[in-house]
Amino acid sequence: MNNTFVWKYVGQFVLLMLLQVLLLDKIALWGFLTPMLYILFILTLPFQTPRWLVVLLGFGIGLCEDCFSGIMGVHAAATTCIAFARPLIMNLIPSKSAIEEHMRPILWDMHFGWFTAYSFLMCFLHQFLVFFFDAFSLAHCLHWIGASLINSLFTVLLILVVQCLFYNSSKRY
Amino acid sequence: MKNLVEFIRRYAAVFLFFLLEIISISLIISSTSYKQWKGGKVVREVTGPVLKQRAKASSYLHLRRENRNLMELERELFRQAYNTDIGNRTVTEIYMDSLKQPLFEYTAAKVLENTTFLPDNYLILDKGAMDGVHSGMGILSDKGVVGIVKDVSPHFCTVMSLLHSRFSLSVILKDGVVTGVLYWDGKSHRKALIRNVSTLGQIKIGDTLVTHHSLIFPSHYPVGTVSKIHTEVEDGFYSLEIRLSNAFDRMNTVWIVRNNYQEEIQTLRDSTFRHE
């Protein structure tokens, strides 16, 4: 992993955070639909990233989002969870071709179906955990599942658009 | 020992995961508990400016709605202020008050074109016959009287401005009984003349003049303030110069005044004149 590669991810972190805080957090379609685009950062970390680093970065970006959105710790707890669950979800979805070393879990490197399923599961889990940590009970579990479903579909759509517009397939290096 | 290090290395992610989850959950608990969380102040210190900018930006997006709400409020206030003061109203108006429908209704309109420097000035508004506008309706701004609707097309109407040689309006001193008729002398868009003033006894410079005996404008709506008193008598009457309360060069939104009983009054008036 060279230096420019790291800086690219730092830039992505800042840009996604700004986009999330300044624009997406203000969107509340029908009162609850807020796309959580910032987890795209965790989604697209390279396959080789050590697991502890993914968890730490997940906590970091979650904490940043928390600072801007009221209750501290809610997003941090949720993003730490999905960062930890990332390899499990990756293994859960069958991949048609072998994952090569230079690849990243992004749309252009993987199959469309794989990437969509992967990002949907991550988004859904994240959204559900945000609801859960916010209320700290499972009282409205069913309602949350519905809301998380719709919200994660919306987020996945946005993720696909962002991937199409701003990401290139990884080069072999 | 080697085994222990190996064990920790192997499960580093799991340990880190649990550690960070514990931190997060304790953060949630401490920031939602009744006791003020100390870190909150520091966080707000950092995030405050960003959130402020965001709020500033998003308030621009709501200006249109905000504006509409203010217009609604203004219309409501208009109705309340100029439909209830029975004390200073004509017999017709008091009679109308006993009915359910208010005497006057107000519709907001945008000024599309407006002149102030011609001998006869007109306005064009963005409301027309399809919005229920008829010729002869009164036009007010929030500051004072503007003019009277002249011609109407389906979507627009022209308004004979107060700044027109054929415009005249009956006015009365706000806190008195001195009446007069307002004309525009074509000199300045800030000034107009009041003729047919019978006595100057009660009039001081700065007194407010309001509408009077009108079925087009609500009673006691401001027109202007006395700026000069002409003491010489013309045809048995004095005259005044007033400073118009409406800024004719700075109008964006005006109010079209609808008299809900215009037709009824017209019929009544026609039958009276026919019988004489």
# chains A, B, ... in the order shown; residues from 1 in each chain; ligands from 1
>>> residues_around(residues="A:Ala147", least_positions_apart="3", cutoff="9 Å", atoms="only C-alpha atoms", output="ChimeraX atom specification")
/A:32-33,127-128,142-144,150-152
>>> residues_around(residues="A:Tyr118", least_positions_apart="4", cutoff="8 Å", atoms="only C-alpha atoms", output="VMD selection string")
chain A and resid 89 to 90 93 114 122
>>> closest_atom_pairs(of="chain B", to="chain A", cutoff="8 Å", atoms="only C-alpha atoms", output="tab-separated table")
residue	atom	partner	partner_atom	distance
B:Ala12	CA	A:Trp52	CA	6.2
B:Ala13	CA	A:Trp52	CA	4.0
B:Val14	CA	A:Trp52	CA	7.7
B:Leu16	CA	A:Trp52	CA	6.6
B:Phe17	CA	A:Val55	CA	6.3
B:Leu20	CA	A:Phe59	CA	6.9
B:Glu21	CA	A:Ala77	CA	5.5
B:Ile23	CA	A:Gly73	CA	7.9
B:Ser24	CA	A:Gly73	CA	4.5
B:Ile25	CA	A:Gly73	CA	6.2
B:Ser26	CA	A:Gly73	CA	7.7
B:Leu27	CA	A:Gly73	CA	5.1
B:Ile28	CA	A:Gly73	CA	4.8
B:Ser31	CA	A:Met72	CA	6.1
B:Thr32	CA	A:Ile71	CA	6.8
B:Val43	CA	A:Cys67	CA	6.2
B:Arg44	CA	A:Cys67	CA	7.6
B:Thr47	CA	A:Phe68	CA	6.1
B:Leu51	CA	A:Phe68	CA	7.4
B:Arg54	CA	A:Leu22	CA	5.9
>>> select_by_dssp(residues="chain A", states="helix (DSSP H, G or I)", output="ChimeraX atom specification")
/A:3-22,24-26,37-43,51-68,74-92,112-135,141-166
>>> closest_residue(among="B:Phe104, B:Phe273, B:Phe15, B:Trp184", to="B:Thr116", atoms="only C-alpha atoms")
B:Trp184
>>> atom_distance(atom1="atom CA of B:Val197", atom2="atom CA of B:His213")
15.5 Å
>>> residues_around(residues="B:Gly201", least_positions_apart="4", cutoff="12 Å", atoms="only C-alpha atoms", output="list in words")
Leu173, Gly176, Val177, Val178, Val197, Ile205, Ile229, Thr231 and Tyr238 of chain B
>>> residues_around(residues="B:Gly206", least_positions_apart="3", cutoff="7 Å", atoms="only C-alpha atoms", output="list in words")
Thr225, Val226 and Ser227 of chain B
>>> write_last_selection(atoms="C-alpha atoms", output="mmCIF file, in the first residue's frame")
data_model
loop_
_atom_site.group_PDB
_atom_site.id
_atom_site.type_symbol
_atom_site.label_atom_id
_atom_site.label_comp_id
_atom_site.auth_asym_id
_atom_site.auth_seq_id
_atom_site.Cartn_x
_atom_site.Cartn_y
_atom_site.Cartn_z
ATOM 1 C CA THR B 225 -48.927 62.438 6.829
ATOM 2 C CA VAL B 226 -49.386 66.211 6.605
ATOM 3 C CA SER B 227 -46.166 67.857 5.454
#
>>> closest_residue(among="A:Ala117, A:Ile159, A:Met103, A:Ile145", to="A:Leu37", atoms="only C-alpha atoms")
A:Ile159
>>> residues_around(residues="A:Leu153", least_positions_apart="3", cutoff="9 Å", atoms="only C-alpha atoms", output="JSON, numbers by chain")
{"A": [120, 123, 124, 148, 149, 150, 156, 157, 158]}
>>> atom_distance(atom1="atom CA of A:Ser95", atom2="atom CA of A:Phe41")
21.1 Å
>>> closest_residue(among="A:Val10, A:Ile61, A:Leu16, A:Ala135", to="A:Val162", atoms="only C-alpha atoms")
A:Leu16
>>> closest_residue(among="A:Ile99, A:Cys141, A:Cys164, A:Leu43", to="A:Leu121", atoms="only C-alpha atoms")
A:Leu43
>>> residues_around(residues="A:Asp25", least_positions_apart="5", cutoff="8 Å", atoms="only C-alpha atoms", output="list in words")
Gln20, Thr34 and Pro35 of chain A
>>> write_last_selection(atoms="C-alpha atoms", output="mmCIF file, in the first residue's frame")
data_model
loop_
_atom_site.group_PDB
_atom_site.id
_atom_site.type_symbol
_atom_site.label_atom_id
_atom_site.label_comp_id
_atom_site.auth_asym_id
_atom_site.auth_seq_id
_atom_site.Cartn_x
_atom_site.Cartn_y
_atom_site.Cartn_z
ATOM 1 C CA GLN A 20 -23.152 13.415 5.150
ATOM 2 C CA THR A 34 -31.978 9.724 5.780
ATOM 3 C CA PRO A 35 -29.370 8.096 3.550
#
>>> atom_distance(atom1="atom CA of B:Glu105", atom2="atom CA of B:Leu193")
28.8 Å
>>> residues_around(residues="stretch 125-141 of chain B", least_positions_apart="6", cutoff="10 Å", atoms="only C-alpha atoms", output="number ranges by chain")
B: 106-114, 147-162, 214-218, 221-223, 245-248, 251-259, 262
>>> write_last_selection(atoms="C-alpha atoms", output="PDB file, in the first residue's frame")
ATOM      1  CA  TYR B 106     -57.532  40.522   0.648  1.00  0.00           C
ATOM      2  CA  THR B 107     -55.518  38.808  -2.082  1.00  0.00           C
ATOM      3  CA  ALA B 108     -51.766  39.183  -2.367  1.00  0.00           C
ATOM      4  CA  ALA B 109     -50.345  40.104  -5.765  1.00  0.00           C
ATOM      5  CA  LYS B 110     -46.881  40.720  -7.134  1.00  0.00           C
ATOM      6  CA  VAL B 111     -46.031  43.978  -8.820  1.00  0.00           C
ATOM      7  CA  LEU B 112     -44.753  43.206 -12.312  1.00  0.00           C
ATOM      8  CA  GLU B 113     -44.427  46.731 -13.577  1.00  0.00           C
ATOM      9  CA  ASN B 114     -44.663  50.054 -11.839  1.00  0.00           C
ATOM     10  CA  GLY B 147     -54.425  52.602  -6.426  1.00  0.00           C
ATOM     11  CA  ILE B 148     -57.507  51.144  -8.111  1.00  0.00           C
ATOM     12  CA  VAL B 149     -57.765  48.277 -10.619  1.00  0.00           C
ATOM     13  CA  LYS B 150     -58.431  49.620 -14.112  1.00  0.00           C
ATOM     14  CA  ASP B 151     -58.397  46.820 -16.689  1.00  0.00           C
ATOM     15  CA  VAL B 152     -58.361  43.074 -16.161  1.00  0.00           C
ATOM     16  CA  SER B 153     -57.116  40.268 -18.405  1.00  0.00           C
ATOM     17  CA  PRO B 154     -57.358  36.582 -17.469  1.00  0.00           C
ATOM     18  CA  HIS B 155     -53.997  36.553 -15.628  1.00  0.00           C
ATOM     19  CA  PHE B 156     -53.062  40.168 -15.096  1.00  0.00           C
ATOM     20  CA  CYS B 157     -54.542  43.507 -14.219  1.00  0.00           C
ATOM     21  CA  THR B 158     -53.520  47.128 -14.638  1.00  0.00           C
ATOM     22  CA  VAL B 159     -53.856  49.473 -11.722  1.00  0.00           C
ATOM     23  CA  MET B 160     -54.430  53.195 -11.866  1.00  0.00           C
ATOM     24  CA  SER B 161     -51.814  54.327  -9.398  1.00  0.00           C
ATOM     25  CA  LEU B 162     -52.512  56.954  -6.777  1.00  0.00           C
ATOM     26  CA  SER B 214     -64.974  54.232   0.924  1.00  0.00           C
ATOM     27  CA  LEU B 215     -66.433  51.007  -0.386  1.00  0.00           C
ATOM     28  CA  ILE B 216     -63.206  50.264  -2.212  1.00  0.00           C
ATOM     29  CA  PHE B 217     -60.727  50.600   0.622  1.00  0.00           C
ATOM     30  CA  PRO B 218     -61.200  49.652   4.252  1.00  0.00           C
ATOM     31  CA  TYR B 221     -56.293  52.792   6.234  1.00  0.00           C
ATOM     32  CA  PRO B 222     -53.262  55.118   6.247  1.00  0.00           C
ATOM     33  CA  VAL B 223     -52.659  57.345   3.219  1.00  0.00           C
ATOM     34  CA  SER B 245     -46.994  56.726   3.513  1.00  0.00           C
ATOM     35  CA  ASN B 246     -46.535  54.181   0.728  1.00  0.00           C
ATOM     36  CA  ALA B 247     -43.110  54.141  -0.926  1.00  0.00           C
ATOM     37  CA  PHE B 248     -44.220  53.917  -4.560  1.00  0.00           C
ATOM     38  CA  MET B 251     -43.255  47.950  -3.973  1.00  0.00           C
ATOM     39  CA  ASN B 252     -42.979  44.192  -4.410  1.00  0.00           C
ATOM     40  CA  THR B 253     -46.170  42.772  -3.026  1.00  0.00           C
ATOM     41  CA  VAL B 254     -49.501  44.527  -2.775  1.00  0.00           C
ATOM     42  CA  TRP B 255     -52.988  43.567  -1.614  1.00  0.00           C
ATOM     43  CA  ILE B 256     -56.032  43.487  -3.828  1.00  0.00           C
ATOM     44  CA  VAL B 257     -59.076  44.469  -1.777  1.00  0.00           C
ATOM     45  CA  ARG B 258     -62.317  42.736  -2.633  1.00  0.00           C
ATOM     46  CA  ASN B 259     -65.556  44.172  -1.316  1.00  0.00           C
ATOM     47  CA  GLN B 262     -69.951  45.228  -4.218  1.00  0.00           C
TER      48      GLN B 262
END
